[in-house]
Amino acid sequence: MSVIRVAGLTKRYGGFEAVRGIDFAVDEGEVFGLLGPNGAGKTTTVEILEGLRERTSGDVEVLGFDPAVQARQLKERIGVCLQATNLPEKITVAEALDFFASFYRRAGDIRRLLDRLQLWDRRNAYYSKLSGGQKQRLAIALAMVNDPQILFLDEPTAGLDPQVRLEIHNLVLELKQARRTILLTTHYIEEAERLCDRVAIIDNGKIIALGAPGEIQARAAGHSRITISCATPLPEMEWPNAGGAQIQIDAARTTLTAVSNEPTRTLVELVKRLDQAGVEVADIHLKRPTLEDVFIELTGKRLRD
Amino acid sequence: MRVYLAHIVLNLKLTLRDRLVLFFNYVFPLVFFFIFAQAFGASRGGAFVQTVSMVLIIGVLGNGFFGAGIRAIQERELNILRRYRVAPITAAPLLVASMVTGWANYLPMAVVVLALSRCLYGMPLPSNWLSLAVFLSIGIIAFRSIGLMIASVVNSAQEGQIIIQLFYFPMLFLSGATLPLEFLPKWVQAVAQFLPASHLFLGIQGILIRGENLLDVWRAAAALIVTTIAATFLSVKLFRWEKEERISGAAKLWLAAALLPFLALGAWELRTQHNLAKVKSLTRETRRSQVFLVRDARLFNERGDAGTGSVLLRKGKIERIWQGAAPSARELKAESIDASGKTLLPALIDGGIHLDQSGAFPDSPSPRGEGATRRHLAAYVYCGVAAVRPAAPDLRAAARVASGEWLGAELLDGSPAAYSSAERIPDEIFARLAAEGTPFAPALAAAEAADAVRERNAELLEPSLVQQVAPPLLIEALKKRLAAAPLSPPHPRRLDIASDNLRRAWKAGVRLVAASQSGLPLLLHGPTLHRELHLWVKAGIPPRAALEAATSGNARWLGAGSRLGQLAPGYEATLLLVNGNPLNEIDSTQHIAAVFIKGERVIRAELFEEE
């Protein structure tokens with residue numbers, strides 16, 4: 001059952017079209033990712049869903065509410081973790097949770113929430129004394145203070161160091177196991193791959209691919225790439241066409257690259273052939289296609305620098 | 001309701017943890033308190049209300065503009081507000097909590113200041129403390145709302161700083177809070193009428209000094225409340241949760257809209273001059289609340305020379321008189337005035353003057369109108385004359401003096417006296433006047449002036465007191481007119497006949513009235529009463545009797561005998577301190593060392609400065 005339905009959504013700021021006709025739906029209990037580079041329109045889309053921004057056109061329904069009309073009812077039922085928010089320096093963790101809990105008609109068990117987000121020991125610490133990861137965990141805790149039916153996480157790990165990012169990933173995975181509905185935006189490929197049940201790749205205000213990460217990878221024309229480095233030069237010869245591989249050889253004739261839909265078959269064939277030709281193989285590398293490759297293939301540009 | 005409460009509780013917790021807030025809310029005003037207390041002579045007890053009101057205003061301004069305004073801008077700039085946005089709340093609880101927190105932080109400071117004033121400086125606690133508390137609460141909440149309103153219409157911290165300073169400094173310096181308004185130029189005083197802080201300040205002063213209540217300051221209170229409502233409403237409407245959301249420059253005009261009540265109040269004040277008059281009378285009352293110890297003066301009272309002693313003046317009254325040694329002024333928290341070799345007597349009362357005339361000849365131009373009246377009355381005070389009985393009542397002038405707006409002789413009303421005529425008055429008539437108790441005014445100065453007109457003699461214009469008091473133009477005109485052509489005297493009296501009448505009246509036991517008839521040609525307001533006394537003594541009246549007639553005698557005759565004319569505890573501190581001893585040498589009354597009017601030590605040099 002879909003808890004979010006978006007159809008033909010557009011948003012124009014003056015002459016700039018930030019969102020240009022987006023359609024997707026998010027089912028209950030699923031972790032849905034909006035993946036795209038900065039400025040692709042992810043945050044605008046999410047903020048329209050959260051009732052923070054008005055849309056220019058299109059239909060949007062979140063938990064059965066129209067966010068533009070019933071923002072207040074909607075806000076009661078969703079949890080939002082925005083990018084770059086702050087709290088007063090001298091508020092304690094527990095005070096912050098109590099304070100935000102007072103905004104909602106229904107509130108979850110704060111003690112359990114603190115336990116779950118590993119903040120119980122820090123409950124009396126001032127906000128200014130928390131580490132980056134603790135601050136982000138607190139931000140997520142605050143978003144969950146009303147036991148929301150949908151949790152929106154806008155770039156939950158942007159700007160965090162890898163250790164903390166891992167910490168947040170594990171937290172999201174835990175929530176995923178608990179069958180929380182989560183809509184997250186990110187410009188990190190591995191985040192989308194790791195956390196999301198389904199992903200929509202957004203560029204220039206449009207969805208260019210939608211589906212489970214594996215599906216998108218498979219569906220995309222992008223193939224696995226096999227790179228074989230040789231200790232001796234490769235002779236001029238015929239190469240097998242197993243798995244529809246396309247083969248390239250560099251100028252020094254020491255590296256062979258093959259792009260294939262069936263990498264295992266191609267690899268076996270190639271190694272057999274090289275062995276027959278008496279070429280000494282120094283190294284073999286097999287790289288499966290990523291969402292990044294999909295993105296490059298679809299847009300001709302990299303997701304991020 | 002729960003959301004409002006949560007905001008208020010959290011805000012209070014956060015402010016208590018914020019050292020900066022505590023510093024600006026408590027330490028900062030208290031530092032000012034002690035500095036002002038020293039600078040404005042708190043040790044003399046008086047003028048202290050000024051200090052207290054200043055500190056209270058500084059507290060309100062700081063709390064409102066910086067505590068509410070800057071803080072609200074910071075919360076937006078630091079992306080704190082952004083987080084609240086995704087919750088199902090409006091801006092109203094945030095704004096209300098800010099106002100309530102400011103109020104809760106402010107009132108303890110006000111209590112501390114009042115308590116310190118009471119314990120350290122002996123200032124009486126305000127009798128209308130409830131009115132004070134309510135009025136201050138209205139004020140602090142209004143200024144918080146203005147601060148929040150400013151936060152709502154600026155786009156950055158810098159812009160906020162600039163606009164807040166633009167509000168803060170004029171209100172700090174032009175509201176009367178730091179610089180007494182009466183010292184500022186007229187146009188600045190006019191501008192000040194549009195500043196909310198001026199009305200707040202004047203209201204606080206009225207409550208503290210005059211014991212006014214909320215009803216007396218209702219205009220200021222109403223303007224503050226309307227502004228609070230308007231500013232809060234607009235703040236909610238214009239509220240922005242994110243710094244990225246810009247507001248157009250024109251939105252700043254809403255600020256003017258929120259302050260509209262003060263535009264109206266200011267215009268009304270400028271038309272009625274109500275506040276400017278109130279400022280003057282409040283200053284008057286502040287000055288009257290000073291404490292003085294006049295030390296080692298020869299004291300004059302009804303019985304004559306009462307020996308040497310010290311007199312304590314407090315709250316406008318003679319509080320105590322010590323014959324011989326008195327406690328130190330420091331002990332009494334009073335300002336000491338050394339009066340050795342001087343004589344302290346009740347200020348004089350003139351039993352008959354013509355306030356609508358200036359002493360010029362009827363055919364010469366002479367100053368008229370309210371300005372002239374004011375100057376005449378100031379001239380009396382300059383000469384140590386605290387009250388006069390005008391021939392024709394002037395209710396407006398009487399009210400202005402009574403309210404303290406004008407510093408001048410007060411106007412008393414009394415039954416008419418019998419006046420000396422041009423002829424010799426038979427003894428039988430004096431016997432009858434004595435029997436009836438009818439007062440008799442010999443009017444020697446008037447007779448002398450009539451002689452001078454006949455003789456075209458300008459000597460009456462020479463005495464130093466006349467020169468000090470009369471406008472030079474008037475003296476010039478009088479001299480010219482005397483020299484130009486013979487004049488007929490204003491009345492047929494002669495000094496020799498009048499003096500003889502006085503002598504016989506005195507012998508017959510007639511009640512004597514000292515009346516200068518000032519305002520008639522050559523009889524200038526102020527100095528002439530001294531001339532009258534001089535002529536009485538010359539005619540053979542003992543100085544004691546002459547002085548008694550001009551002090552307690554006139555006071556009783558004019559119905560002010562219970563408060564004026566006596567050097568005794570409980571009487572008004574309306575006194576004249578002169579060099580020498582007028583009981584030996586009556587002209588000593590003209591050598592004035594100090595004049596006190598209802599406890600205010602008159603700065604004589606400034607009396608004629610205004611206008």
# chains A, B, ... in the order shown; residues from 1 in each chain; ligands from 1
$ select_by_dssp --residues "stretch 489-533 of chain B" --states "alpha helix (DSSP H)" --output "JSON, numbers by chain"
{"B": [495, 496, 497, 498, 499, 500, 501, 502, 503, 504, 505, 506, 507, 508, 527, 528, 529, 530, 531, 532, 533]}
$ select_by_dssp --residues "stretch 242-374 of chain B" --states "strand (DSSP E or B)" --output "ChimeraX atom specification"
/B:292-301,304-314,317-323,335-338,342-346,348-353
$ closest_residue --among "A:Pro88, A:Gly21, A:Gly278, A:Gly29" --to "A:Ser57" --atoms "only C-alpha atoms"
A:Gly21
$ residues_around --residues "stretch 205-217 of chain B" --least-positions-apart "4" --cutoff "10 Å" --atoms "only C-alpha atoms" --output "mmCIF file with N, CA and C atoms, in the first residue's frame"
data_model
loop_
_atom_site.group_PDB
_atom_site.id
_atom_site.type_symbol
_atom_site.label_atom_id
_atom_site.label_comp_id
_atom_site.auth_asym_id
_atom_site.auth_seq_id
_atom_site.Cartn_x
_atom_site.Cartn_y
_atom_site.Cartn_z
ATOM 1 N N ALA B 47 16.820 63.246 44.168
ATOM 2 C CA ALA B 47 17.217 62.986 42.793
ATOM 3 C C ALA B 47 17.411 61.505 42.568
ATOM 4 N N PHE B 48 17.107 60.710 43.575
ATOM 5 C CA PHE B 48 17.403 59.301 43.432
ATOM 6 C C PHE B 48 16.400 58.608 42.532
ATOM 7 N N VAL B 49 15.215 59.153 42.536
ATOM 8 C CA VAL B 49 14.182 58.584 41.676
ATOM 9 C C VAL B 49 14.645 58.614 40.219
ATOM 10 N N GLN B 50 15.366 59.685 39.884
ATOM 11 C CA GLN B 50 15.900 59.808 38.521
ATOM 12 C C GLN B 50 16.793 58.599 38.216
ATOM 13 N N VAL B 52 16.855 55.663 39.670
ATOM 14 C CA VAL B 52 16.096 54.411 39.611
ATOM 15 C C VAL B 52 15.356 54.294 38.280
ATOM 16 N N SER B 53 14.708 55.380 37.863
ATOM 17 C CA SER B 53 13.963 55.291 36.600
ATOM 18 C C SER B 53 14.910 55.043 35.433
ATOM 19 N N MET B 54 16.084 55.680 35.472
ATOM 20 C CA MET B 54 17.061 55.453 34.394
ATOM 21 C C MET B 54 17.426 53.993 34.280
ATOM 22 N N PRO B 124 12.397 56.151 49.591
ATOM 23 C CA PRO B 124 11.164 55.489 50.025
ATOM 24 C C PRO B 124 10.658 54.552 48.932
ATOM 25 N N LEU B 125 10.092 53.429 49.330
ATOM 26 C CA LEU B 125 9.549 52.503 48.334
ATOM 27 C C LEU B 125 8.306 53.120 47.712
ATOM 28 N N PRO B 126 8.079 52.818 46.430
ATOM 29 C CA PRO B 126 6.918 53.426 45.771
ATOM 30 C C PRO B 126 5.619 53.004 46.462
ATOM 31 N N SER B 127 4.759 53.975 46.714
ATOM 32 C CA SER B 127 3.507 53.644 47.397
ATOM 33 C C SER B 127 2.593 52.863 46.464
ATOM 34 N N ASN B 128 2.690 53.190 45.165
ATOM 35 C CA ASN B 128 1.841 52.486 44.199
ATOM 36 C C ASN B 128 2.613 51.351 43.547
ATOM 37 N N TRP B 129 3.145 50.460 44.367
ATOM 38 C CA TRP B 129 4.042 49.442 43.803
ATOM 39 C C TRP B 129 3.327 48.530 42.814
ATOM 40 N N LEU B 130 2.037 48.323 43.032
ATOM 41 C CA LEU B 130 1.309 47.446 42.110
ATOM 42 C C LEU B 130 1.207 48.101 40.732
ATOM 43 N N SER B 131 0.894 49.403 40.739
ATOM 44 C CA SER B 131 0.852 50.134 39.470
ATOM 45 C C SER B 131 2.212 50.093 38.794
ATOM 46 N N LEU B 132 3.270 50.248 39.594
ATOM 47 C CA LEU B 132 4.617 50.228 39.030
ATOM 48 C C LEU B 132 4.889 48.869 38.387
ATOM 49 N N ALA B 133 4.564 47.808 39.118
ATOM 50 C CA ALA B 133 4.828 46.455 38.600
ATOM 51 C C ALA B 133 4.047 46.216 37.309
ATOM 52 N N VAL B 134 2.778 46.610 37.304
ATOM 53 C CA VAL B 134 1.960 46.374 36.110
ATOM 54 C C VAL B 134 2.475 47.213 34.944
ATOM 55 N N PHE B 135 2.789 48.481 35.227
ATOM 56 C CA PHE B 135 3.245 49.365 34.154
ATOM 57 C C PHE B 135 4.580 48.871 33.586
ATOM 58 N N HIS B 199 7.671 57.753 26.848
ATOM 59 C CA HIS B 199 6.399 57.606 27.561
ATOM 60 C C HIS B 199 6.542 56.632 28.715
ATOM 61 N N LEU B 200 7.332 55.596 28.472
ATOM 62 C CA LEU B 200 7.583 54.624 29.538
ATOM 63 C C LEU B 200 8.300 55.316 30.698
ATOM 64 N N PHE B 201 9.315 56.094 30.340
ATOM 65 C CA PHE B 201 10.121 56.767 31.351
ATOM 66 C C PHE B 201 9.272 57.742 32.176
ATOM 67 N N ALA B 221 0.276 53.584 28.824
ATOM 68 C CA ALA B 221 0.005 52.154 28.959
ATOM 69 C C ALA B 221 -0.788 51.654 27.756
ATOM 70 N N ALA B 222 -1.781 52.436 27.333
ATOM 71 C CA ALA B 222 -2.607 52.013 26.204
ATOM 72 C C ALA B 222 -1.772 51.928 24.933
ATOM 73 N N LYS B 278 4.683 68.018 31.904
ATOM 74 C CA LYS B 278 4.859 67.020 32.961
ATOM 75 C C LYS B 278 6.341 66.809 33.261
ATOM 76 N N VAL B 279 7.148 66.826 32.201
ATOM 77 C CA VAL B 279 8.595 66.669 32.415
ATOM 78 C C VAL B 279 9.088 67.752 33.352
ATOM 79 N N SER B 281 7.378 69.591 35.518
ATOM 80 C CA SER B 281 6.929 69.513 36.906
ATOM 81 C C SER B 281 7.549 68.317 37.623
ATOM 82 N N LEU B 282 7.841 67.234 36.854
ATOM 83 C CA LEU B 282 8.502 66.091 37.498
ATOM 84 C C LEU B 282 9.925 66.455 37.908
ATOM 85 N N THR B 283 10.591 67.224 37.034
ATOM 86 C CA THR B 283 11.935 67.681 37.384
ATOM 87 C C THR B 283 11.859 68.529 38.647
ATOM 88 N N GLU B 285 9.636 68.324 40.953
ATOM 89 C CA GLU B 285 9.399 67.494 42.132
ATOM 90 C C GLU B 285 10.634 66.702 42.522
ATOM 91 N N THR B 286 11.418 66.321 41.514
ATOM 92 C CA THR B 286 12.673 65.638 41.832
ATOM 93 C C THR B 286 13.579 66.562 42.619
ATOM 94 N N SER B 289 12.679 66.948 46.087
ATOM 95 C CA SER B 289 12.848 65.803 46.974
ATOM 96 C C SER B 289 14.269 65.709 47.503
#
$ closest_atom_pairs --of "chain A" --to "chain B" --cutoff "9 Å" --atoms "only C-alpha atoms" --output "Markdown table"
| residue | atom | partner | partner_atom | distance |
| --- | --- | --- | --- | --- |
| A:Glu50 | CA | B:Val86 | CA | 7.5 |
| A:Gly51 | CA | B:Val86 | CA | 8.2 |
| A:Leu52 | CA | B:Val86 | CA | 7.2 |
| A:Ala71 | CA | B:Pro88 | CA | 7.9 |
| A:Arg72 | CA | B:Pro88 | CA | 5.2 |
| A:Gln73 | CA | B:Pro88 | CA | 7.6 |
| A:Leu74 | CA | B:Pro88 | CA | 8.2 |
| A:Lys75 | CA | B:Pro88 | CA | 5.2 |
| A:Glu76 | CA | B:Pro88 | CA | 5.9 |
| A:Ile78 | CA | B:Ala87 | CA | 8.8 |
| A:Gly79 | CA | B:Val86 | CA | 7.9 |
| A:Val80 | CA | B:Val86 | CA | 6.4 |
| A:Cys81 | CA | B:Arg83 | CA | 8.2 |
| A:Leu82 | CA | B:Arg83 | CA | 7.1 |
| A:Ala84 | CA | B:Asn79 | CA | 7.0 |
| A:Thr85 | CA | B:Asn79 | CA | 5.0 |
| A:Asn86 | CA | B:Ile80 | CA | 4.6 |
| A:Leu87 | CA | B:Ile80 | CA | 5.2 |
| A:Pro88 | CA | B:Ile80 | CA | 6.8 |
| A:Glu89 | CA | B:Leu14 | CA | 8.7 |
| A:Lys90 | CA | B:Leu14 | CA | 6.3 |
| A:Ile91 | CA | B:Leu14 | CA | 6.8 |
| A:Glu95 | CA | B:Leu10 | CA | 7.9 |
| A:Ala96 | CA | B:Leu10 | CA | 8.9 |
| A:Asp98 | CA | B:Ala6 | CA | 8.5 |
| A:Phe99 | CA | B:Ala6 | CA | 6.1 |
| A:Phe100 | CA | B:Ala87 | CA | 7.9 |
| A:Ser102 | CA | B:Val3 | CA | 5.7 |
| A:Phe103 | CA | B:Val3 | CA | 5.8 |
| A:Tyr104 | CA | B:Pro88 | CA | 7.0 |
| A:Ala143 | CA | B:Val86 | CA | 8.9 |
$ residues_around --residues "A:Gly132" --least-positions-apart "5" --cutoff "10 Å" --atoms "only C-alpha atoms" --output "ChimeraX atom specification"
/A:137-138,159-161,164
$ closest_residue --among "A:Lys287, A:Ala245, A:Leu63, A:Asp197" --to "A:Arg179" --atoms "only C-alpha atoms"
A:Asp197
$ residues_around --residues "B:Ile321" --least-positions-apart "4" --cutoff "10 Å" --atoms "only C-alpha atoms" --output "list in words"
Leu293, Val294, Arg295, Leu299, Gly309, Ser310, Val311, Leu312, Leu313, Ala326, Leu567, Ala568 and Pro569 of chain B
$ write_last_selection --atoms "C-alpha atoms" --output "tab-separated table (two decimals), in the first residue's frame"
chain	number	residue	atom	x	y	z
B	293	LEU	CA	21.06	70.64	55.97
B	294	VAL	CA	21.43	74.41	56.40
B	295	ARG	CA	24.13	74.60	59.08
B	299	LEU	CA	17.37	81.70	62.62
B	309	GLY	CA	20.99	76.52	64.63
B	310	SER	CA	20.78	74.04	61.77
B	311	VAL	CA	17.73	73.18	59.75
B	312	LEU	CA	17.05	69.92	57.92
B	313	LEU	CA	14.96	70.20	54.76
B	326	ALA	CA	23.49	69.19	64.63
B	567	LEU	CA	10.61	78.68	60.37
B	568	ALA	CA	9.31	75.64	62.21
B	569	PRO	CA	9.14	71.87	61.65
$ residues_around --residues "stretch 199-209 of chain A" --least-positions-apart "4" --cutoff "6 Å" --atoms "only C-alpha atoms" --output "VMD selection string"
chain A and resid 18 to 20 22 32 to 36 40 to 41
$ residues_around --residues "stretch 103-115 of chain B" --least-positions-apart "6" --cutoff "9 Å" --atoms "only C-alpha atoms" --output "list in words"
Leu12, Thr15, Leu16, Leu22, Asn25, Tyr26, Pro29, Leu30, Phe33, Val52, Val55, Leu56, Gly59, Val60, Asn63, Met123, Leu125, Pro126, Ala133, Leu136, Ser137, Ile140, Ile141 and Arg144 of chain B
$ atom_distance --atom1 "atom CA of A:Pro37" --atom2 "atom CA of A:His187"
5.4 Å
